[in-house]
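This is target32.pdb. It holds PDB, C-alpha atoms.
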ATOM      1  CA  MET A   1      78.690 110.803  47.336
ATOM      2  CA  LEU A   2      82.114 111.486  48.842
ATOM      3  CA  PHE A   3      81.504 108.736  51.436
ATOM      4  CA  ALA A   4      80.576 106.247  48.680
ATOM      5  CA  ALA A   5      83.801 107.007  46.791
ATOM      6  CA  PHE A   6      85.822 106.574  50.001
ATOM      7  CA  ALA A   7      84.093 103.233  50.689
ATOM      8  CA  VAL A   8      84.946 101.921  47.211
ATOM      9  CA  ILE A   9      88.588 103.009  47.494
ATOM     10  CA  THR A  10      88.852 101.489  50.973
ATOM     11  CA  ALA A  11      87.388  98.195  49.746
ATOM     12  CA  PHE A  12      90.050  97.892  47.047
ATOM     13  CA  THR A  13      92.980  98.806  49.289
ATOM     14  CA  ALA A  14      92.042  96.909  52.450
ATOM     15  CA  PRO A  15      94.202  93.941  53.487
ATOM     16  CA  VAL A  16      92.867  90.494  52.644
ATOM     17  CA  THR A  17      93.607  87.731  55.119
ATOM     18  CA  GLY A  18      95.139  84.634  53.552
ATOM     19  CA  GLY A  19      96.004  82.259  56.354
ATOM     20  CA  ALA A  20      98.991  83.359  58.433
ATOM     21  CA  ALA A  21      99.799  86.343  56.230
ATOM     22  CA  THR A  22      97.875  89.381  55.124
ATOM     23  CA  TRP A  23      97.493  89.957  51.408
ATOM     24  CA  GLN A  24      97.364  93.581  50.423
ATOM     25  CA  VAL A  25      96.227  95.014  47.098
ATOM     26  CA  GLU A  26      98.888  97.363  45.708
ATOM     27  CA  PRO A  27      96.784  99.902  43.758
ATOM     28  CA  GLY A  28      99.876 101.908  42.724
ATOM     29  CA  MET A  29     101.070  98.965  40.629
ATOM     30  CA  ILE A  30      97.778  98.281  38.832
ATOM     31  CA  GLY A  31      97.750  99.888  35.392
ATOM     32  CA  THR A  32     101.538 100.297  35.290
ATOM     33  CA  GLN A  33     102.977  99.739  31.822
ATOM     34  CA  TYR A  34     106.597  98.744  31.327
ATOM     35  CA  VAL A  35     109.002  96.981  28.984
ATOM     36  CA  GLY A  36     110.511  93.829  30.480
ATOM     37  CA  ARG A  37     114.110  94.685  29.620
ATOM     38  CA  ALA A  38     116.497  94.262  32.569
ATOM     39  CA  PRO A  39     119.134  96.994  32.745
ATOM     40  CA  ALA A  40     122.799  96.009  32.414
ATOM     41  CA  ASP A  41     123.592  97.305  35.898
ATOM     42  CA  GLY A  42     121.076  95.261  37.899
ATOM     43  CA  PRO A  43     117.594  93.784  38.101
ATOM     44  CA  LEU A  44     114.494  95.209  36.465
ATOM     45  CA  ILE A  45     112.742  97.559  38.907
ATOM     46  CA  VAL A  46     109.078  98.475  38.394
ATOM     47  CA  LYS A  47     107.884 101.246  40.738
ATOM     48  CA  ASP A  48     110.279 100.290  43.558
ATOM     49  CA  TRP A  49     109.529  96.559  43.218
ATOM     50  CA  ARG A  50     112.267  94.182  42.000
ATOM     51  CA  SER A  51     111.068  91.875  39.225
ATOM     52  CA  ASP A  52     111.777  88.268  40.254
ATOM     53  CA  GLY A  53     110.505  86.476  37.135
ATOM     54  CA  GLY A  54     107.249  84.715  36.453
ATOM     55  CA  LEU A  55     105.260  82.423  34.186
ATOM     56  CA  TYR A  56     104.064  83.171  30.675
ATOM     57  CA  VAL A  57     101.658  80.824  28.866
ATOM     58  CA  SER A  58     100.565  82.810  25.773
ATOM     59  CA  ASP A  59      99.900  86.333  24.501
ATOM     60  CA  ASP A  60      96.157  85.708  24.924
ATOM     61  CA  LEU A  61      96.329  84.943  28.656
ATOM     62  CA  LYS A  62      97.600  86.899  31.620
ATOM     63  CA  ALA A  63     101.151  86.208  32.730
ATOM     64  CA  VAL A  64     101.807  85.773  36.438
ATOM     65  CA  MET A  65     104.856  87.710  37.580
ATOM     66  CA  PHE A  66     106.653  87.865  40.916
ATOM     67  CA  TYR A  67     108.119  90.902  42.625
ATOM     68  CA  SER A  68     109.743  91.757  45.921
ATOM     69  CA  ASN A  69     110.899  94.622  48.050
ATOM     70  CA  GLU A  70     112.567  94.618  51.468
ATOM     71  CA  THR A  71     109.457  93.520  53.381
ATOM     72  CA  ARG A  72     106.975  92.009  50.910
ATOM     73  CA  ILE A  73     106.645  89.559  48.030
ATOM     74  CA  GLY A  74     104.225  90.545  45.278
ATOM     75  CA  VAL A  75     102.251  88.541  42.738
ATOM     76  CA  GLY A  76     101.026  90.334  39.628
ATOM     77  CA  LEU A  77      98.839  89.336  36.700
ATOM     78  CA  GLU A  78      99.933  91.111  33.558
ATOM     79  CA  THR A  79      98.552  91.711  30.091
ATOM     80  CA  PHE A  80     100.867  91.340  27.110
ATOM     81  CA  ARG A  81     100.876  94.619  25.123
ATOM     82  CA  HIS A  82     103.414  94.180  22.306
ATOM     83  CA  ARG A  83     106.989  93.244  21.490
ATOM     84  CA  GLU A  84     109.692  95.851  21.071
ATOM     85  CA  ALA A  85     111.826  95.807  17.906
ATOM     86  CA  ASP A  86     114.424  93.674  19.724
ATOM     87  CA  GLY A  87     111.769  91.140  20.826
ATOM     88  CA  VAL A  88     111.426  92.232  24.459
ATOM     89  CA  ALA A  89     107.820  92.060  25.695
ATOM     90  CA  ALA A  90     105.893  95.100  26.938
ATOM     91  CA  TRP A  91     103.353  94.557  29.745
ATOM     92  CA  GLU A  92     100.564  96.206  31.698
ATOM     93  CA  ILE A  93      99.922  95.131  35.289
ATOM     94  CA  ALA A  94      96.246  94.171  35.600
ATOM     95  CA  ASN A  95      96.177  92.867  39.178
ATOM     96  CA  PHE A  96      98.765  93.014  41.961
ATOM     97  CA  MET A  97      98.807  91.824  45.566
ATOM     98  CA  SER A  98     101.595  91.438  48.092
ATOM     99  CA  ALA A  99     102.177  89.585  51.354
ATOM    100  CA  PRO A 100     104.696  90.249  54.111
ATOM    101  CA  ALA A 101     107.836  88.161  53.575
ATOM    102  CA  ASN A 102     111.600  88.467  53.702
ATOM    103  CA  ARG A 103     112.889  88.095  50.149
ATOM    104  CA  GLU A 104     116.234  86.806  51.447
ATOM    105  CA  THR A 105     114.691  83.761  53.163
ATOM    106  CA  SER A 106     111.402  83.309  51.284
ATOM    107  CA  PHE A 107     110.529  82.150  47.796
ATOM    108  CA  VAL A 108     107.523  81.825  45.496
ATOM    109  CA  SER A 109     106.331  78.354  44.539
ATOM    110  CA  THR A 110     104.065  77.786  41.552
ATOM    111  CA  ASP A 111     103.881  74.004  41.980
ATOM    112  CA  CYS A 112     101.059  74.257  44.514
ATOM    113  CA  GLY A 113      97.382  73.489  44.885
ATOM    114  CA  LEU A 114      94.567  72.700  47.275
ATOM    115  CA  GLY A 115      94.909  69.345  49.050
ATOM    116  CA  PRO A 116      97.683  66.754  48.805
ATOM    117  CA  ASP A 117      96.239  65.393  45.536
ATOM    118  CA  PHE A 118      96.141  68.798  43.824
ATOM    119  CA  GLU A 119      98.194  67.710  40.796
ATOM    120  CA  ALA A 120      95.200  65.860  39.346
ATOM    121  CA  GLN A 121      93.073  69.024  39.560
ATOM    122  CA  ARG A 122      95.319  71.885  38.421
ATOM    123  CA  SER A 123      95.659  73.227  34.904
ATOM    124  CA  ALA A 124      98.071  75.454  32.991
ATOM    125  CA  THR A 125      95.738  78.432  33.526
ATOM    126  CA  GLU A 126      94.386  77.838  37.060
ATOM    127  CA  PHE A 127      96.717  77.025  39.942
ATOM    128  CA  VAL A 128      97.889  78.166  43.363
ATOM    129  CA  VAL A 129     100.960  80.311  44.005
ATOM    130  CA  ALA A 130     102.450  80.210  47.500
ATOM    131  CA  VAL A 131     104.914  82.385  49.354
ATOM    132  CA  VAL A 132     107.106  80.003  51.336
ATOM    133  CA  ASP A 133     109.449  80.745  54.231
ATOM    134  CA  GLY A 134     112.433  78.702  53.116
ATOM    135  CA  SER A 135     113.750  78.372  56.667
ATOM    136  CA  LYS A 136     110.526  76.591  57.700
ATOM    137  CA  ALA A 137     109.808  74.473  54.618
ATOM    138  CA  PRO A 138     110.626  70.808  55.198
ATOM    139  CA  ALA A 139     113.050  68.898  53.023
ATOM    140  CA  GLU A 140     110.222  66.823  51.559
ATOM    141  CA  GLU A 141     108.987  66.677  48.003
ATOM    142  CA  LEU A 142     105.321  67.299  48.997
ATOM    143  CA  PHE A 143     104.907  69.810  51.806
ATOM    144  CA  ASN A 144     102.376  72.098  53.449
ATOM    145  CA  SER A 145     104.424  73.675  56.232
ATOM    146  CA  GLY A 146     106.373  76.896  55.839
ATOM    147  CA  ILE A 147     103.717  78.365  53.538
ATOM    148  CA  VAL A 148     102.988  81.904  54.744
ATOM    149  CA  ALA A 149     100.557  83.072  52.044
ATOM    150  CA  ALA A 150      98.766  81.572  49.058
ATOM    151  CA  VAL A 151      96.690  82.892  46.212
ATOM    152  CA  GLN A 152      94.548  81.121  43.590
ATOM    153  CA  VAL A 153      95.525  82.303  40.085
ATOM    154  CA  ASP A 154      93.227  82.324  37.056
ATOM    155  CA  LEU A 155      95.146  83.422  33.953
ATOM    156  CA  LYS A 156      92.008  83.483  31.747
ATOM    157  CA  ALA A 157      89.884  85.676  34.031
ATOM    158  CA  GLY A 158      92.811  87.686  35.430
ATOM    159  CA  ILE A 159      91.914  86.896  39.026
ATOM    160  CA  LEU A 160      94.098  86.619  42.129
ATOM    161  CA  ALA A 161      92.070  85.190  45.029
ATOM    162  CA  PRO A 162      93.739  84.673  48.424
ATOM    163  CA  VAL A 163      93.200  81.228  49.944
ATOM    164  CA  SER A 164      93.869  79.862  53.413
ATOM    165  CA  VAL A 165      97.293  78.262  53.671
ATOM    166  CA  ALA A 166      95.812  75.432  55.773
ATOM    167  CA  GLY A 167      94.846  73.326  52.750
ATOM    168  CA  VAL A 168      97.668  74.344  50.394
ATOM    169  CA  TYR A 169     100.333  71.820  49.396
ATOM    170  CA  CYS A 170     103.405  72.415  47.249
ATOM    171  CA  ILE A 171     105.930  70.233  45.510
ATOM    172  CA  GLN A 172     109.603  71.060  45.594
ATOM    173  CA  SER A 173     112.216  69.274  43.574
ATOM    174  CA  LEU A 174     114.916  67.821  45.768
ATOM    175  CA  ASP A 175     118.502  67.704  44.550
ATOM    176  CA  ASP A 176     120.160  64.301  44.718
TER
END
Reformat the file's structure so that it appears as structure tokens.
Amino acid sequence: MLFAAFAVITAFTAPVTGGAATWQVEPGMIGTQYVGRAPADGPLIVKDWRSDGGLYVSDDLKAVMFYSNETRIGVGLETFRHREADGVAAWEIANFMSAPANRETSFVSTDCGLGPDFEAQRSATEFVVAVVDGSKAPAEELFNSGIVAAVQVDLKAGILAPVSVAGVYCIQSLDD
């Protein structure tokens, strides 16, 4: 019985390979409840992770949020709980994974998908999020180099599924 419990815990905390980077489930973040109010003296910190923003579609779907610390970038799916009296949203982290990345040189791209023609296939609730090494990303609108980790996001089902970076393409807007 003790071995079976250990096997289940190990399965949920083991690294998941996603191309060049290793995705890691962060079990200490899952189930965390917080209010998304940034303090006046700096960024919002949730359990030693800096909140770096995210995407919200509706109260009925998961929101995808981005976090970082000194050595990793995290992607979380979060459930809307309620609004505070001042309108600030309260959340519960339902799923959370991180990949090794330097937050000073890397960024998260949500304009990504599988294959160079991914725009025709993606939806507002199912898409790919990529961690990109900004020093290696080309200055092209459509690119697939510099991507160090990628995860398929399903906001309806609340699923984060690592995918190989080999077939992931992203779009970046280029300043004129």
**OP:** Carefully work through the PyMOL selection byres ((chain A and resi 35) around 8) for this structure and note down the residues it includes, as JSON, numbers by chain.
**Re:** {"A": [33, 34, 36, 37, 88, 89, 90, 91]}
Given the file shown, enumerate the residues that the PyMOL selection byres ((chain A and resi 111) around 10) captures and present them as a PDB file with C-alpha atoms, keeping the file's coordinate frame.
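Full text of part.pdb as output:
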ATOM      1  CA  VAL A 108     107.523  81.825  45.496  1.00  0.00           C
ATOM      2  CA  SER A 109     106.331  78.354  44.539  1.00  0.00           C
ATOM      3  CA  THR A 110     104.065  77.786  41.552  1.00  0.00           C
ATOM      4  CA  CYS A 112     101.059  74.257  44.514  1.00  0.00           C
ATOM      5  CA  GLY A 113      97.382  73.489  44.885  1.00  0.00           C
ATOM      6  CA  PHE A 118      96.141  68.798  43.824  1.00  0.00           C
ATOM      7  CA  GLU A 119      98.194  67.710  40.796  1.00  0.00           C
ATOM      8  CA  ARG A 122      95.319  71.885  38.421  1.00  0.00           C
ATOM      9  CA  PHE A 127      96.717  77.025  39.942  1.00  0.00           C
ATOM     10  CA  VAL A 128      97.889  78.166  43.363  1.00  0.00           C
ATOM     11  CA  VAL A 129     100.960  80.311  44.005  1.00  0.00           C
ATOM     12  CA  ALA A 130     102.450  80.210  47.500  1.00  0.00           C
ATOM     13  CA  LEU A 142     105.321  67.299  48.997  1.00  0.00           C
ATOM     14  CA  TYR A 169     100.333  71.820  49.396  1.00  0.00           C
ATOM     15  CA  CYS A 170     103.405  72.415  47.249  1.00  0.00           C
ATOM     16  CA  ILE A 171     105.930  70.233  45.510  1.00  0.00           C
ATOM     17  CA  GLN A 172     109.603  71.060  45.594  1.00  0.00           C
ATOM     18  CA  SER A 173     112.216  69.274  43.574  1.00  0.00           C
TER      19      SER A 173
END
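Counting all atoms listed in the file, Ala150 of chain A has the following residues at most 8 Å away, ignoring those fewer than 6 positions along the same chain: Gly18, Gly19, Val128, Val129, Ala130, Val131, Pro162, Val163, Ser164, Val165 and Val168 of chain A.
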Expected file: the selected residues, C-alpha atoms, as a short mmCIF file (atom, residue, chain, number, x, y, z; two decimals), in the frame of the given file:
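Printed below is result.cif as written:
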data_model
loop_
_atom_site.label_atom_id
_atom_site.label_comp_id
_atom_site.auth_asym_id
_atom_site.auth_seq_id
_atom_site.Cartn_x
_atom_site.Cartn_y
_atom_site.Cartn_z
CA GLY A 18 95.14 84.63 53.55
CA GLY A 19 96.00 82.26 56.35
CA VAL A 128 97.89 78.17 43.36
CA VAL A 129 100.96 80.31 44.00
CA ALA A 130 102.45 80.21 47.50
CA VAL A 131 104.91 82.38 49.35
CA PRO A 162 93.74 84.67 48.42
CA VAL A 163 93.20 81.23 49.94
CA SER A 164 93.87 79.86 53.41
CA VAL A 165 97.29 78.26 53.67
CA VAL A 168 97.67 74.34 50.39
#
**OP:** Determine the residue membership of the PyMOL selection byres ((chain A and resi 66) around 6) for the file above and supply it as a ChimeraX atom specification.
**Re:** /A:52-54,65,67,74-75
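Around Ala63 of chain A, within 8 Å and counting only C-alpha atoms, the residues found are Gly54, Leu55, Tyr56, Val57, Leu77, Glu78, Thr79, Phe80 and Leu155 of chain A, once anything fewer than 6 positions away on its own chain is removed.
The residues that lie within 6 Å of the point (110.4, 80.4, 55.5), counting all atoms listed in the file, are Thr105, Ser106, Val132, Asp133, Gly134, Ser135, Lys136 and Gly146 of chain A.
Restricting the calculation to all atoms listed in the file, the smallest distance between Arg103 of chain A and any of A:Asp48, A:Glu126, A:Glu141, A:Glu70 is found for A:Glu70.
With distances restricted to all atoms listed in the file, A:Ile93 is the closest residue to Ile30 of chain A from A:Ile93, A:Ala137, A:Ile73, A:Arg81.
Across the structure, atom CA of Ser145 of chain A and atom CA of Ala101 of chain A are spaced 15.1 Å apart.
Interatomic distance, atom CA of Pro27 of chain A against atom CA of Asn95 of chain A: 8.4 Å.
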**OP:** Could you check which of A:Ala120, A:Ala40, A:Met97, A:Leu114 is closest to Ala166 of chain A, using all atoms listed in the file?
**Re:** A:Leu114
Where atoms are missing, can you supply N, CA and C atoms for segment 33-56 of chain A and output the lot as a PDB file, in the coordinates of the input?
ATOM      1  N   GLN A  33     102.477 100.313  33.062  1.00  0.00           N
ATOM      2  CA  GLN A  33     102.977  99.739  31.822  1.00  0.00           C
ATOM      3  C   GLN A  33     104.495  99.823  31.835  1.00  0.00           C
ATOM      4  N   TYR A  34     105.133  98.756  31.365  1.00  0.00           N
ATOM      5  CA  TYR A  34     106.597  98.744  31.327  1.00  0.00           C
ATOM      6  C   TYR A  34     107.066  97.774  30.258  1.00  0.00           C
ATOM      7  N   VAL A  35     108.340  97.902  29.900  1.00  0.00           N
ATOM      8  CA  VAL A  35     109.002  96.981  28.984  1.00  0.00           C
ATOM      9  C   VAL A  35     109.895  96.094  29.837  1.00  0.00           C
ATOM     10  N   GLY A  36     109.815  94.799  29.633  1.00  0.00           N
ATOM     11  CA  GLY A  36     110.511  93.829  30.480  1.00  0.00           C
ATOM     12  C   GLY A  36     111.988  93.670  30.196  1.00  0.00           C
ATOM     13  N   ARG A  37     112.683  94.725  29.907  1.00  0.00           N
ATOM     14  CA  ARG A  37     114.110  94.685  29.620  1.00  0.00           C
ATOM     15  C   ARG A  37     114.883  94.994  30.902  1.00  0.00           C
ATOM     16  N   ALA A  38     115.687  94.037  31.365  1.00  0.00           N
ATOM     17  CA  ALA A  38     116.497  94.262  32.569  1.00  0.00           C
ATOM     18  C   ALA A  38     117.688  95.142  32.202  1.00  0.00           C
ATOM     19  N   PRO A  39     117.975  96.141  33.019  1.00  0.00           N
ATOM     20  CA  PRO A  39     119.134  96.994  32.745  1.00  0.00           C
ATOM     21  C   PRO A  39     120.445  96.229  32.960  1.00  0.00           C
ATOM     22  N   ALA A  40     121.499  96.679  32.311  1.00  0.00           N
ATOM     23  CA  ALA A  40     122.799  96.009  32.414  1.00  0.00           C
ATOM     24  C   ALA A  40     123.382  96.085  33.817  1.00  0.00           C
ATOM     25  N   ASP A  41     122.985  97.097  34.589  1.00  0.00           N
ATOM     26  CA  ASP A  41     123.592  97.305  35.898  1.00  0.00           C
ATOM     27  C   ASP A  41     122.803  96.713  37.066  1.00  0.00           C
ATOM     28  N   GLY A  42     121.821  95.862  36.794  1.00  0.00           N
ATOM     29  CA  GLY A  42     121.076  95.261  37.899  1.00  0.00           C
ATOM     30  C   GLY A  42     119.732  94.744  37.463  1.00  0.00           C
ATOM     31  N   PRO A  43     118.896  94.367  38.423  1.00  0.00           N
ATOM     32  CA  PRO A  43     117.594  93.784  38.101  1.00  0.00           C
ATOM     33  C   PRO A  43     116.608  94.824  37.581  1.00  0.00           C
ATOM     34  N   LEU A  44     115.581  94.352  36.924  1.00  0.00           N
ATOM     35  CA  LEU A  44     114.494  95.209  36.465  1.00  0.00           C
ATOM     36  C   LEU A  44     113.710  95.679  37.693  1.00  0.00           C
ATOM     37  N   ILE A  45     113.506  96.976  37.812  1.00  0.00           N
ATOM     38  CA  ILE A  45     112.742  97.559  38.907  1.00  0.00           C
ATOM     39  C   ILE A  45     111.508  98.224  38.303  1.00  0.00           C
ATOM     40  N   VAL A  46     110.340  97.873  38.829  1.00  0.00           N
ATOM     41  CA  VAL A  46     109.078  98.475  38.394  1.00  0.00           C
ATOM     42  C   VAL A  46     108.468  99.148  39.617  1.00  0.00           C
ATOM     43  N   LYS A  47     108.450 100.463  39.624  1.00  0.00           N
ATOM     44  CA  LYS A  47     107.884 101.246  40.738  1.00  0.00           C
ATOM     45  C   LYS A  47     108.367 100.755  42.100  1.00  0.00           C
ATOM     46  N   ASP A  48     109.644 100.685  42.291  1.00  0.00           N
ATOM     47  CA  ASP A  48     110.279 100.290  43.558  1.00  0.00           C
ATOM     48  C   ASP A  48     110.103  98.812  43.920  1.00  0.00           C
ATOM     49  N   TRP A  49     109.626  97.999  42.999  1.00  0.00           N
ATOM     50  CA  TRP A  49     109.529  96.559  43.218  1.00  0.00           C
ATOM     51  C   TRP A  49     110.528  95.874  42.290  1.00  0.00           C
ATOM     52  N   ARG A  50     111.333  94.956  42.822  1.00  0.00           N
ATOM     53  CA  ARG A  50     112.267  94.182  42.000  1.00  0.00           C
ATOM     54  C   ARG A  50     111.495  93.069  41.295  1.00  0.00           C
ATOM     55  N   SER A  51     111.688  92.952  39.990  1.00  0.00           N
ATOM     56  CA  SER A  51     111.068  91.875  39.225  1.00  0.00           C
ATOM     57  C   SER A  51     111.855  90.591  39.473  1.00  0.00           C
ATOM     58  N   ASP A  52     111.137  89.543  39.927  1.00  0.00           N
ATOM     59  CA  ASP A  52     111.777  88.268  40.254  1.00  0.00           C
ATOM     60  C   ASP A  52     111.360  87.144  39.313  1.00  0.00           C
ATOM     61  N   GLY A  53     110.875  87.489  38.115  1.00  0.00           N
ATOM     62  CA  GLY A  53     110.505  86.476  37.135  1.00  0.00           C
ATOM     63  C   GLY A  53     109.024  86.163  37.169  1.00  0.00           C
ATOM     64  N   GLY A  54     108.651  85.082  36.495  1.00  0.00           N
ATOM     65  CA  GLY A  54     107.249  84.715  36.453  1.00  0.00           C
ATOM     66  C   GLY A  54     106.980  83.605  35.460  1.00  0.00           C
ATOM     67  N   LEU A  55     105.698  83.458  35.122  1.00  0.00           N
ATOM     68  CA  LEU A  55     105.260  82.423  34.186  1.00  0.00           C
ATOM     69  C   LEU A  55     104.428  83.043  33.070  1.00  0.00           C
ATOM     70  N   TYR A  56     104.764  82.681  31.849  1.00  0.00           N
ATOM     71  CA  TYR A  56     104.064  83.171  30.675  1.00  0.00           C
ATOM     72  C   TYR A  56     103.541  81.961  29.920  1.00  0.00           C
TER      73      TYR A  56
END
